[in-house]
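Inspection log for the structure reproduced underneath, given as structure tokens.
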Amino acid sequence: MEKVFDAAIINNSRFYYNKIFEDHIFDHQKLKKYFSYDPGDLKSFSGRIRKIEQSYDDGNREVLADILKKSNKYLGAGDRTLKNIDKLGRSGSVAIIGGQQPGLFTGPSFIIYKIITVLRLSRYIEEKTGTAVVPCFWNASDDKNSNQIDDLTIIGGQLSQIELNMEAIGKDSRLSNIALPLSYYENVIKEMDDLMPGGLSGEVRAFLTDIIYSLSKNPGTDNGIGLCNVFSLMVLKLFSEWGPVIIDPCDKDLKRMGLDLLKKDIIGHEVINELLSDRGEELIRAGYHAQIDPQKDILDFFYNADDKREKINIIGENTFKIGDNKYGAEELLELAENDPLAISWNVVLRPLIQDSIFPVAATVCGPGEVSYFAQLGEVYRYMDIEMPVIYPRFSATIIEEKIEKILKKPDMEDMILSQEYDDAIKSALKERGVEEAEAALKQLGEEINKNIADAESKISGQDTENVFDRIKRNIDKELKILSKKIYSKLKKSNQSIINNIDRIHLNIFPGGRLQERMINIFYYLNKYGIEMISGLYNSFEPSDPGHRFLYFKRGEEDE
């Protein structure tokens with residue numbers, strides 16, 4: 001049965017990564033000049049949908065539907081996904097798209113939350129506007145090797161990381177080219193079983209093994225099972241009730257649909273670079289940051305050769321270099337036309353191509369992506385493409401009952417959530433003798449230094465300066481040692497509160513990062529059941545964005 005959550009919005013800036021992302025959620029007026037629409041205003045979606053109706057080329061729909069149906073069927077998509085693809089093929093429908101580099105067995109939990117945002121927002125906009133809305137997820141398989149594709153992290157008494165054997169894979173390999181033997185995935189499942197508290201549940205074990213075994217039977221898997229396909233099928237299966245549509249940019253027909261923008265990038269790269277630089281400087285002056293560092297001598301797409309993604313360098317007017325080979329503009333375009341799969345788009349070109357070939361009402365974005373889009377507005381105008389609604393993804397921390405009990409203790413939540421680990425420890429011990437000890441040691445140091453200074457002034461001229469300096473250094477050193485010993489003793493005598501802080505940081509800030517950035521969702525699904533996905537889905541309200549603490553409802557987990 002569905003797990004039910006109470007959700008509490010957390011306004012602490014620590015949970016919002018950067019100021020652009022935080023203001024985009026809570027104070028969009030400060031950023032309105034950088035975006036086309038306010039994501040918190042329903043009228044933004046209605047306005048964007050009207051623009052799509054007026055300007056979108058419906059000739060793309062049939063092509064897109066054929067491309068998506070073929071790739072999603074290959075993965076093993078369910079009926080709901082296939083029906084959503086048919087819906088996208090019909091005039092008047094729009095898409096809500098989120099994208100991410102694939103992660104091992106779905107990767108960190110924030111990827112799951114981004115998918116949930118796409119699904120919930122799609123339903124919400126469809127209900128509010130009466131427009132047919134299709135939830136799509138862009139599997140960024142075109143990117144090069146990512147650090148979230150080869151490992152996953154769980155909490156097994158301590159932070160535990162499970163890694164894939166990727167030694168034979170080049171660091172510049174395109175993710176879509178990475179295929180591994182079935183045994184590699186089986187080893188990950190075995191490690192999960194060893195490290196999960198109580199081992200893997202039968203439900204989760206069956207889910208994971210069914211995914212990899214079903215893919216191993218697909219055509220073209222003689223050399224291994226693609227990591228990106230494992231990710232995509234897990235997304236399709238976990239969310240089959242809502243029918244997400246997977247978009248794979250490593251489809252040659254999809255690549256062909258983006259060729260026109262390659263030409264614009266070749267011709268107008270200098271202008272694009274200036275627009276990005278100017279907007280980045282403007283953001284910095286406004287107290288934000290520039291997410292994109294434009295490369296004036298490198299195009300906004302790559303050429304893949306020999307399983308390596310190569311930059312395309314600009315070495316002169318209409319002259320380009322890939323590796324050791326030189327090309328003119330027409331030759332470069334001919335390369336792309338003859339072998340579209342050899343092309344990969346970078347962070348500048350990818351969203352522009354997405355929004356030119358899909359009827360995108362909104363793009364669901366994390367903190368880094370929102371910052372990218374803040375810098376891209378003028379480039380969109382230059383390319384004569386309208387930026388869709390940029391909607392901040394669902395962000396959350398799951399608070400289990402044992403952690404909730406600790407947080408509810410007096411002053412514990414404010415003290416821990418607003419401070420780093422060491423500062424939280426000091427605050428916790430503040431009223432337990434640390435403050436008095438530090439004050440006493442400070443006073444002692446000041447008195448000793450005063451006495452030394454007095455003695456030095458009375459014995460001046462006797463060539464004793466170096467001796468007094470050595471005495472001061474030795475005393476400072478001994479006082480620091482004494483301070484550490486006192487602090488260590490107080491920690492030992494207050495081990496219970498230290499243990500509580502340790503447990504909270506392990507669960508809320510594992511490895512010093514936010515929980516959603518570290519912990520794989522199967523850690524929680526293994527404990528509470530895969531039906532927990534429905535509870536997460538229902539805990540997010542598009543009309544009320546912000547980082548959520550998700551508490552299990554008492555006595556209602558099994559409703």
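Quick note on naming: the chains in the structure tokens go A, B, ... in the order shown, residues restart at 1 in each chain, and ligands are numbered from 1 in order of appearance.
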Original post:
Quick one: residues within 8 Å of region 414-424 of chain A, only C-alpha atoms counted, chain neighbours fewer than 4 positions away excluded, as a ChimeraX atom specification?
Top reply: /A:12,14,428,501,505
Write a file of the selected residues as a PDB file, in the first residue's frame, keeping N, CA and C atoms.
ATOM      1  N   ASN A  12      15.400  27.306   4.610  1.00  0.00           N
ATOM      2  CA  ASN A  12      16.826  27.472   4.844  1.00  0.00           C
ATOM      3  C   ASN A  12      17.590  27.468   3.509  1.00  0.00           C
ATOM      4  N   ARG A  14      20.425  26.783   2.745  1.00  0.00           N
ATOM      5  CA  ARG A  14      21.335  25.649   2.591  1.00  0.00           C
ATOM      6  C   ARG A  14      20.758  24.579   1.667  1.00  0.00           C
ATOM      7  N   ALA A 428      26.253  22.433  20.333  1.00  0.00           N
ATOM      8  CA  ALA A 428      25.636  21.473  21.245  1.00  0.00           C
ATOM      9  C   ALA A 428      26.368  21.419  22.573  1.00  0.00           C
ATOM     10  N   ILE A 501      23.820  13.947  16.673  1.00  0.00           N
ATOM     11  CA  ILE A 501      24.247  14.835  15.589  1.00  0.00           C
ATOM     12  C   ILE A 501      24.838  14.020  14.449  1.00  0.00           C
ATOM     13  N   HIS A 505      23.374  14.026  10.614  1.00  0.00           N
ATOM     14  CA  HIS A 505      24.213  14.406   9.474  1.00  0.00           C
ATOM     15  C   HIS A 505      24.377  13.253   8.496  1.00  0.00           C
TER      16      HIS A 505
END
Please identify every residue of region 27-97 of chain A that has at least one atom no farther than 9 Å from an atom of region 237-257 of chain A, counting only C-alpha atoms, and for each give the shortest atom pair and the distance in Å to one decimal, arranged by chain then increasing number, as CSV.
residue,atom,partner,partner_atom,distance
A:Asn60,CA,A:Met257,CA,8.8
A:Val63,CA,A:Asp253,CA,8.5
A:Leu64,CA,A:Leu254,CA,7.7
A:Ile67,CA,A:Asp253,CA,7.1
A:Leu68,CA,A:Ile247,CA,6.7
A:Lys69,CA,A:Val245,CA,8.9
A:Ser71,CA,A:Asp248,CA,7.6
A:Asn72,CA,A:Ile246,CA,6.5
A:Gly76,CA,A:Lys237,CA,8.8
A:Ala77,CA,A:Lys237,CA,7.6
A:Gly78,CA,A:Ser240,CA,6.3
A:Asp79,CA,A:Gly243,CA,7.6
A:Arg80,CA,A:Gly243,CA,4.5
A:Thr81,CA,A:Gly243,CA,3.9
A:Leu82,CA,A:Gly243,CA,7.6
A:Lys83,CA,A:Gly243,CA,8.0
A:Asn84,CA,A:Gly243,CA,6.7
A:Ile85,CA,A:Val245,CA,6.8
**OP:** Name the closest residue to Asn273 (chain A) among the candidates A:Thr221, A:Gln101, A:Gln375, A:Ser176; distances are taken between atoms, counting only C-alpha atoms.
**Re:** A:Gln375
Compile the contact shell of region 107-116 of chain A as a JSON list (two decimals) with N, CA and C atoms, in the first residue's frame: residues with an atom at most 8 Å away, counting only C-alpha atoms, same-chain residues fewer than 6 positions apart removed.
[["chain", "number", "residue", "atom", "x", "y", "z"],
["A", 98, "GLY", "N", 11.91, 17.15, -18.57],
["A", 98, "GLY", "CA", 13.03, 17.25, -17.64],
["A", 98, "GLY", "C", 14.13, 16.36, -18.18],
["A", 100, "GLN", "N", 18.34, 14.64, -17.54],
["A", 100, "GLN", "CA", 19.44, 14.40, -16.61],
["A", 100, "GLN", "C", 20.36, 13.34, -17.17],
["A", 137, "PHE", "N", 10.96, 12.63, -20.40],
["A", 137, "PHE", "CA", 12.24, 12.70, -19.69],
["A", 137, "PHE", "C", 13.37, 12.46, -20.67],
["A", 148, "GLN", "N", 27.91, 9.89, -11.80],
["A", 148, "GLN", "CA", 26.75, 9.27, -11.18],
["A", 148, "GLN", "C", 26.29, 8.02, -11.92],
["A", 149, "ILE", "N", 26.97, 7.69, -13.03],
["A", 149, "ILE", "CA", 26.59, 6.51, -13.80],
["A", 149, "ILE", "C", 27.31, 5.26, -13.31],
["A", 151, "ASP", "N", 28.35, 4.63, -9.93],
["A", 151, "ASP", "CA", 28.28, 4.26, -8.51],
["A", 151, "ASP", "C", 26.93, 4.68, -7.93],
["A", 152, "LEU", "N", 26.59, 4.07, -6.82],
["A", 152, "LEU", "CA", 25.41, 4.48, -6.07],
["A", 152, "LEU", "C", 25.73, 4.41, -4.59],
["A", 153, "THR", "N", 25.02, 5.22, -3.81],
["A", 153, "THR", "CA", 25.32, 5.35, -2.39],
["A", 153, "THR", "C", 24.10, 5.02, -1.55],
["A", 364, "VAL", "N", 11.63, 21.31, -16.74],
["A", 364, "VAL", "CA", 11.86, 21.13, -15.30],
["A", 364, "VAL", "C", 13.36, 21.11, -15.05],
["A", 365, "CYS", "N", 13.81, 21.99, -14.17],
["A", 365, "CYS", "CA", 15.25, 22.20, -14.01],
["A", 365, "CYS", "C", 15.69, 22.17, -12.55],
["A", 366, "GLY", "N", 16.89, 21.66, -12.35],
["A", 366, "GLY", "CA", 17.55, 21.74, -11.06],
["A", 366, "GLY", "C", 18.30, 23.06, -10.95],
["A", 393, "ARG", "N", 12.68, 22.07, -10.13],
["A", 393, "ARG", "CA", 12.30, 20.70, -9.78],
["A", 393, "ARG", "C", 11.97, 20.56, -8.30],
["A", 394, "PHE", "N", 11.18, 19.52, -8.03],
["A", 394, "PHE", "CA", 10.87, 19.08, -6.67],
["A", 394, "PHE", "C", 12.17, 18.71, -5.96],
["A", 395, "SER", "N", 12.35, 19.20, -4.75],
["A", 395, "SER", "CA", 13.55, 18.94, -3.96],
["A", 395, "SER", "C", 13.11, 18.46, -2.58],
["A", 396, "ALA", "N", 13.75, 17.43, -2.06],
["A", 396, "ALA", "CA", 13.24, 16.85, -0.81],
["A", 396, "ALA", "C", 14.31, 16.15, 0.00],
["A", 515, "GLN", "N", 20.97, 15.12, 1.20],
["A", 515, "GLN", "CA", 20.58, 13.72, 1.04],
["A", 515, "GLN", "C", 20.24, 13.37, -0.40],
["A", 516, "GLU", "N", 19.47, 14.23, -1.07],
["A", 516, "GLU", "CA", 19.02, 13.94, -2.43],
["A", 516, "GLU", "C", 20.16, 13.86, -3.42],
["A", 517, "ARG", "N", 21.30, 14.45, -3.10],
["A", 517, "ARG", "CA", 22.46, 14.44, -3.98],
["A", 517, "ARG", "C", 23.34, 13.20, -3.77],
["A", 518, "MET", "N", 23.03, 12.42, -2.74],
["A", 518, "MET", "CA", 23.90, 11.29, -2.42],
["A", 518, "MET", "C", 23.19, 9.94, -2.42],
["A", 519, "ILE", "N", 22.05, 9.86, -1.77],
["A", 519, "ILE", "CA", 21.45, 8.55, -1.47],
["A", 519, "ILE", "C", 20.56, 8.07, -2.61],
["A", 520, "ASN", "N", 20.77, 6.82, -3.01],
["A", 520, "ASN", "CA", 19.96, 6.18, -4.04],
["A", 520, "ASN", "C", 18.58, 5.84, -3.50],
["A", 521, "ILE", "N", 17.57, 6.04, -4.31],
["A", 521, "ILE", "CA", 16.18, 5.85, -3.85],
["A", 521, "ILE", "C", 15.90, 4.42, -3.42],
["A", 536, "LEU", "N", 5.72, 9.57, -2.70],
["A", 536, "LEU", "CA", 6.58, 10.68, -3.10],
["A", 536, "LEU", "C", 5.88, 11.53, -4.16],
["A", 537, "TYR", "N", 5.25, 10.87, -5.11],
["A", 537, "TYR", "CA", 4.52, 11.57, -6.17],
["A", 537, "TYR", "C", 3.44, 12.47, -5.56]]
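In this structure, CA of Asp38 (chain A) sits 28.7 Å away from CA of Ile533 (chain A).
On the backbone of this structure, DSSP gives strand (DSSP E) within region 185-275 of chain A to A:Ile225, A:Gly226, A:Val245, A:Ile246, A:Ile247.
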**OP:** From region 69-318 of chain A, collect each residue whose DSSP state is helix (DSSP H, G or I) and return the set as a PyMOL selection string.
**Re:** chain A and resi 69-75+79-88+104-106+109-129+175-177+182-195+202-216+227-238+252-257+259-285
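Taking CA of Trp138 (chain A) as the reference point, CA of Ser232 (chain A) is found at 9.5 Å.
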Subject >> Using only C-alpha atoms: which of A:Lys171, A:Lys33, A:Lys311, A:Arg50 has the shortest distance to Asp324 (chain A) >> reply: A:Lys311
**OP:** Could you tell me which of A:Gln54, A:Thr106, A:Thr117, A:Gln29 comes closest to Ala362 (chain A) if we count only C-alpha atoms?
**Re:** A:Thr117
Subject >> Residues within 8 Å of Lys144 (chain A), only C-alpha atoms, excluding chain neighbours under 4 positions, as a PyMOL selection string >> reply: chain A and resi 171-175+309
Original post:
Smallest atom-to-atom distance to Glu369 (chain A): which of A:Glu404, A:His24, A:Gly287, A:Ile475, using only C-alpha atoms?
Top reply: A:His24
So that I can see what lies close to Pro181 (chain A), please list as an mmCIF file with all heavy atoms, in the first residue's frame the residues with an atom at most 12 Å from it, counting only C-alpha atoms and leaving out residues fewer than 3 positions away in the same chain.
data_model
loop_
_atom_site.group_PDB
_atom_site.id
_atom_site.type_symbol
_atom_site.label_atom_id
_atom_site.label_comp_id
_atom_site.auth_asym_id
_atom_site.auth_seq_id
_atom_site.Cartn_x
_atom_site.Cartn_y
_atom_site.Cartn_z
ATOM 1 N N LEU A 164 30.556 0.360 -10.061
ATOM 2 C CA LEU A 164 30.684 -0.507 -11.223
ATOM 3 C C LEU A 164 32.149 -0.563 -11.647
ATOM 4 O O LEU A 164 32.885 0.418 -11.482
ATOM 5 C CB LEU A 164 29.872 0.061 -12.388
ATOM 6 C CG LEU A 164 28.436 -0.411 -12.575
ATOM 7 C CD1 LEU A 164 27.790 0.377 -13.713
ATOM 8 C CD2 LEU A 164 28.349 -1.897 -12.863
ATOM 9 N N ASN A 165 32.537 -1.662 -12.211
ATOM 10 C CA ASN A 165 33.890 -1.779 -12.757
ATOM 11 C C ASN A 165 33.923 -1.088 -14.121
ATOM 12 O O ASN A 165 33.418 -1.615 -15.107
ATOM 13 C CB ASN A 165 34.271 -3.253 -12.895
ATOM 14 C CG ASN A 165 35.697 -3.428 -13.402
ATOM 15 O OD1 ASN A 165 36.363 -2.467 -13.762
ATOM 16 N ND2 ASN A 165 36.161 -4.659 -13.430
ATOM 17 N N MET A 166 34.506 0.119 -14.164
ATOM 18 C CA MET A 166 34.532 0.905 -15.405
ATOM 19 C C MET A 166 35.963 1.112 -15.907
ATOM 20 O O MET A 166 36.226 2.031 -16.675
ATOM 21 C CB MET A 166 33.874 2.267 -15.155
ATOM 22 C CG MET A 166 32.439 2.198 -14.690
ATOM 23 S SD MET A 166 31.278 2.003 -16.040
ATOM 24 C CE MET A 166 31.178 3.693 -16.610
ATOM 25 N N ILE A 178 28.355 2.991 -23.648
ATOM 26 C CA ILE A 178 28.828 2.129 -22.570
ATOM 27 C C ILE A 178 27.877 0.954 -22.364
ATOM 28 O O ILE A 178 26.718 1.128 -21.975
ATOM 29 C CB ILE A 178 28.977 2.912 -21.248
ATOM 30 C CG1 ILE A 178 29.969 4.057 -21.425
ATOM 31 C CG2 ILE A 178 29.426 1.990 -20.117
ATOM 32 C CD1 ILE A 178 30.097 4.958 -20.217
ATOM 33 N N TYR A 184 28.230 -7.774 -14.389
ATOM 34 C CA TYR A 184 28.571 -6.532 -13.694
ATOM 35 C C TYR A 184 27.366 -6.004 -12.912
ATOM 36 O O TYR A 184 27.488 -5.547 -11.777
ATOM 37 C CB TYR A 184 29.030 -5.470 -14.691
ATOM 38 C CG TYR A 184 30.452 -5.636 -15.195
ATOM 39 C CD1 TYR A 184 30.983 -6.904 -15.474
ATOM 40 C CD2 TYR A 184 31.269 -4.538 -15.413
ATOM 41 C CE1 TYR A 184 32.272 -7.050 -15.946
ATOM 42 C CE2 TYR A 184 32.564 -4.678 -15.886
ATOM 43 C CZ TYR A 184 33.054 -5.942 -16.152
ATOM 44 O OH TYR A 184 34.335 -6.084 -16.619
ATOM 45 N N TYR A 185 26.206 -6.055 -13.556
ATOM 46 C CA TYR A 185 24.980 -5.594 -12.899
ATOM 47 C C TYR A 185 24.591 -6.545 -11.763
ATOM 48 O O TYR A 185 24.125 -6.107 -10.708
ATOM 49 C CB TYR A 185 23.846 -5.490 -13.913
ATOM 50 C CG TYR A 185 24.127 -4.512 -15.031
ATOM 51 C CD1 TYR A 185 24.510 -4.961 -16.292
ATOM 52 C CD2 TYR A 185 24.023 -3.143 -14.822
ATOM 53 C CE1 TYR A 185 24.763 -4.071 -17.321
ATOM 54 C CE2 TYR A 185 24.275 -2.244 -15.854
ATOM 55 C CZ TYR A 185 24.648 -2.711 -17.102
ATOM 56 O OH TYR A 185 24.903 -1.832 -18.115
ATOM 57 N N GLU A 186 24.794 -7.837 -11.990
ATOM 58 C CA GLU A 186 24.506 -8.816 -10.934
ATOM 59 C C GLU A 186 25.381 -8.563 -9.714
ATOM 60 O O GLU A 186 24.918 -8.725 -8.572
ATOM 61 C CB GLU A 186 24.732 -10.234 -11.475
ATOM 62 C CG GLU A 186 23.710 -10.663 -12.514
ATOM 63 C CD GLU A 186 24.034 -12.018 -13.118
ATOM 64 O OE1 GLU A 186 25.238 -12.347 -13.244
ATOM 65 O OE2 GLU A 186 23.102 -12.748 -13.487
ATOM 66 N N ASN A 187 26.625 -8.162 -9.942
ATOM 67 C CA ASN A 187 27.518 -7.862 -8.820
ATOM 68 C C ASN A 187 27.036 -6.645 -8.024
ATOM 69 O O ASN A 187 27.169 -6.606 -6.792
ATOM 70 C CB ASN A 187 28.942 -7.614 -9.330
ATOM 71 C CG ASN A 187 29.628 -8.888 -9.790
ATOM 72 O OD1 ASN A 187 29.245 -9.992 -9.393
ATOM 73 N ND2 ASN A 187 30.633 -8.753 -10.635
ATOM 74 N N VAL A 188 26.485 -5.645 -8.730
ATOM 75 C CA VAL A 188 25.935 -4.479 -8.034
ATOM 76 C C VAL A 188 24.774 -4.911 -7.145
ATOM 77 O O VAL A 188 24.674 -4.499 -5.979
ATOM 78 C CB VAL A 188 25.471 -3.403 -9.037
ATOM 79 C CG1 VAL A 188 24.718 -2.282 -8.310
ATOM 80 C CG2 VAL A 188 26.672 -2.817 -9.778
ATOM 81 N N ILE A 212 17.375 -6.029 -15.721
ATOM 82 C CA ILE A 212 18.603 -6.353 -16.457
ATOM 83 C C ILE A 212 18.434 -7.615 -17.302
ATOM 84 O O ILE A 212 18.985 -7.710 -18.405
ATOM 85 C CB ILE A 212 19.823 -6.471 -15.511
ATOM 86 C CG1 ILE A 212 19.618 -7.559 -14.454
ATOM 87 C CG2 ILE A 212 20.126 -5.123 -14.859
ATOM 88 C CD1 ILE A 212 20.866 -7.813 -13.611
ATOM 89 N N TYR A 213 17.649 -8.585 -16.823
ATOM 90 C CA TYR A 213 17.452 -9.798 -17.613
ATOM 91 C C TYR A 213 16.588 -9.532 -18.839
ATOM 92 O O TYR A 213 16.830 -10.092 -19.909
ATOM 93 C CB TYR A 213 16.845 -10.913 -16.760
ATOM 94 C CG TYR A 213 17.811 -11.469 -15.730
ATOM 95 C CD1 TYR A 213 17.371 -11.870 -14.476
ATOM 96 C CD2 TYR A 213 19.169 -11.567 -16.002
ATOM 97 C CE1 TYR A 213 18.256 -12.360 -13.524
ATOM 98 C CE2 TYR A 213 20.055 -12.052 -15.067
ATOM 99 C CZ TYR A 213 19.602 -12.442 -13.822
ATOM 100 O OH TYR A 213 20.482 -12.927 -12.894
ATOM 101 N N LEU A 215 16.424 -6.701 -20.514
ATOM 102 C CA LEU A 215 17.250 -5.984 -21.481
ATOM 103 C C LEU A 215 18.291 -6.891 -22.124
ATOM 104 O O LEU A 215 18.666 -6.695 -23.289
ATOM 105 C CB LEU A 215 17.950 -4.801 -20.806
ATOM 106 C CG LEU A 215 17.074 -3.590 -20.477
ATOM 107 C CD1 LEU A 215 17.836 -2.576 -19.644
ATOM 108 C CD2 LEU A 215 16.546 -2.931 -21.749
ATOM 109 N N SER A 216 18.758 -7.884 -21.391
ATOM 110 C CA SER A 216 19.775 -8.785 -21.945
ATOM 111 C C SER A 216 19.235 -9.610 -23.112
ATOM 112 O O SER A 216 20.012 -10.157 -23.896
ATOM 113 C CB SER A 216 20.306 -9.720 -20.850
ATOM 114 O OG SER A 216 19.316 -10.667 -20.469
ATOM 115 N N THR A 221 22.552 -6.778 -27.867
ATOM 116 C CA THR A 221 23.160 -6.776 -26.534
ATOM 117 C C THR A 221 24.250 -7.847 -26.393
ATOM 118 O O THR A 221 24.617 -8.196 -25.275
ATOM 119 C CB THR A 221 22.088 -6.992 -25.450
ATOM 120 O OG1 THR A 221 21.393 -8.228 -25.701
ATOM 121 C CG2 THR A 221 21.096 -5.844 -25.438
ATOM 122 N N ASP A 222 24.760 -8.331 -27.517
ATOM 123 C CA ASP A 222 25.800 -9.366 -27.453
ATOM 124 C C ASP A 222 27.051 -8.861 -26.742
ATOM 125 O O ASP A 222 27.762 -9.630 -26.075
ATOM 126 C CB ASP A 222 26.178 -9.824 -28.868
ATOM 127 C CG ASP A 222 25.044 -10.574 -29.549
ATOM 128 O OD1 ASP A 222 24.125 -11.017 -28.830
ATOM 129 O OD2 ASP A 222 25.064 -10.689 -30.790
ATOM 130 N N ASN A 223 27.328 -7.560 -26.870
ATOM 131 C CA ASN A 223 28.528 -6.990 -26.254
ATOM 132 C C ASN A 223 28.253 -6.377 -24.884
ATOM 133 O O ASN A 223 29.116 -5.731 -24.305
ATOM 134 C CB ASN A 223 29.128 -5.916 -27.173
ATOM 135 C CG ASN A 223 29.643 -6.500 -28.470
ATOM 136 O OD1 ASN A 223 30.190 -7.599 -28.486
ATOM 137 N ND2 ASN A 223 29.456 -5.764 -29.562
ATOM 138 N N GLY A 224 27.049 -6.576 -24.395
ATOM 139 C CA GLY A 224 26.717 -6.062 -23.069
ATOM 140 C C GLY A 224 25.418 -5.272 -23.064
ATOM 141 O O GLY A 224 24.833 -4.964 -24.105
ATOM 142 N N ILE A 225 24.974 -4.933 -21.869
ATOM 143 C CA ILE A 225 23.726 -4.198 -21.677
ATOM 144 C C ILE A 225 24.068 -2.726 -21.460
ATOM 145 O O ILE A 225 24.888 -2.389 -20.606
ATOM 146 C CB ILE A 225 22.964 -4.739 -20.457
ATOM 147 C CG1 ILE A 225 22.710 -6.234 -20.607
ATOM 148 C CG2 ILE A 225 21.644 -3.995 -20.269
ATOM 149 C CD1 ILE A 225 22.269 -6.904 -19.325
ATOM 150 N N GLY A 226 23.437 -1.859 -22.223
ATOM 151 C CA GLY A 226 23.736 -0.441 -22.144
ATOM 152 C C GLY A 226 23.323 0.159 -20.806
ATOM 153 O O GLY A 226 22.193 -0.043 -20.349
ATOM 154 N N LEU A 227 24.236 0.904 -20.192
ATOM 155 C CA LEU A 227 23.926 1.566 -18.922
ATOM 156 C C LEU A 227 22.749 2.523 -19.054
ATOM 157 O O LEU A 227 21.908 2.622 -18.163
ATOM 158 C CB LEU A 227 25.153 2.344 -18.441
ATOM 159 C CG LEU A 227 26.162 1.596 -17.562
ATOM 160 C CD1 LEU A 227 27.406 2.443 -17.359
ATOM 161 C CD2 LEU A 227 25.558 1.225 -16.226
#
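The smallest atom-to-atom distance between Ala305 (chain A) and any of A:Leu341, A:Met383, A:Ala329, A:Ala7, using only C-alpha atoms, is found for A:Leu341.
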Subject >> A:Pro542, A:Gly170, A:Pro351, A:Gly130 ranked by distance to Asp41 (chain A), top pick (using only C-alpha atoms) >> reply: A:Pro542
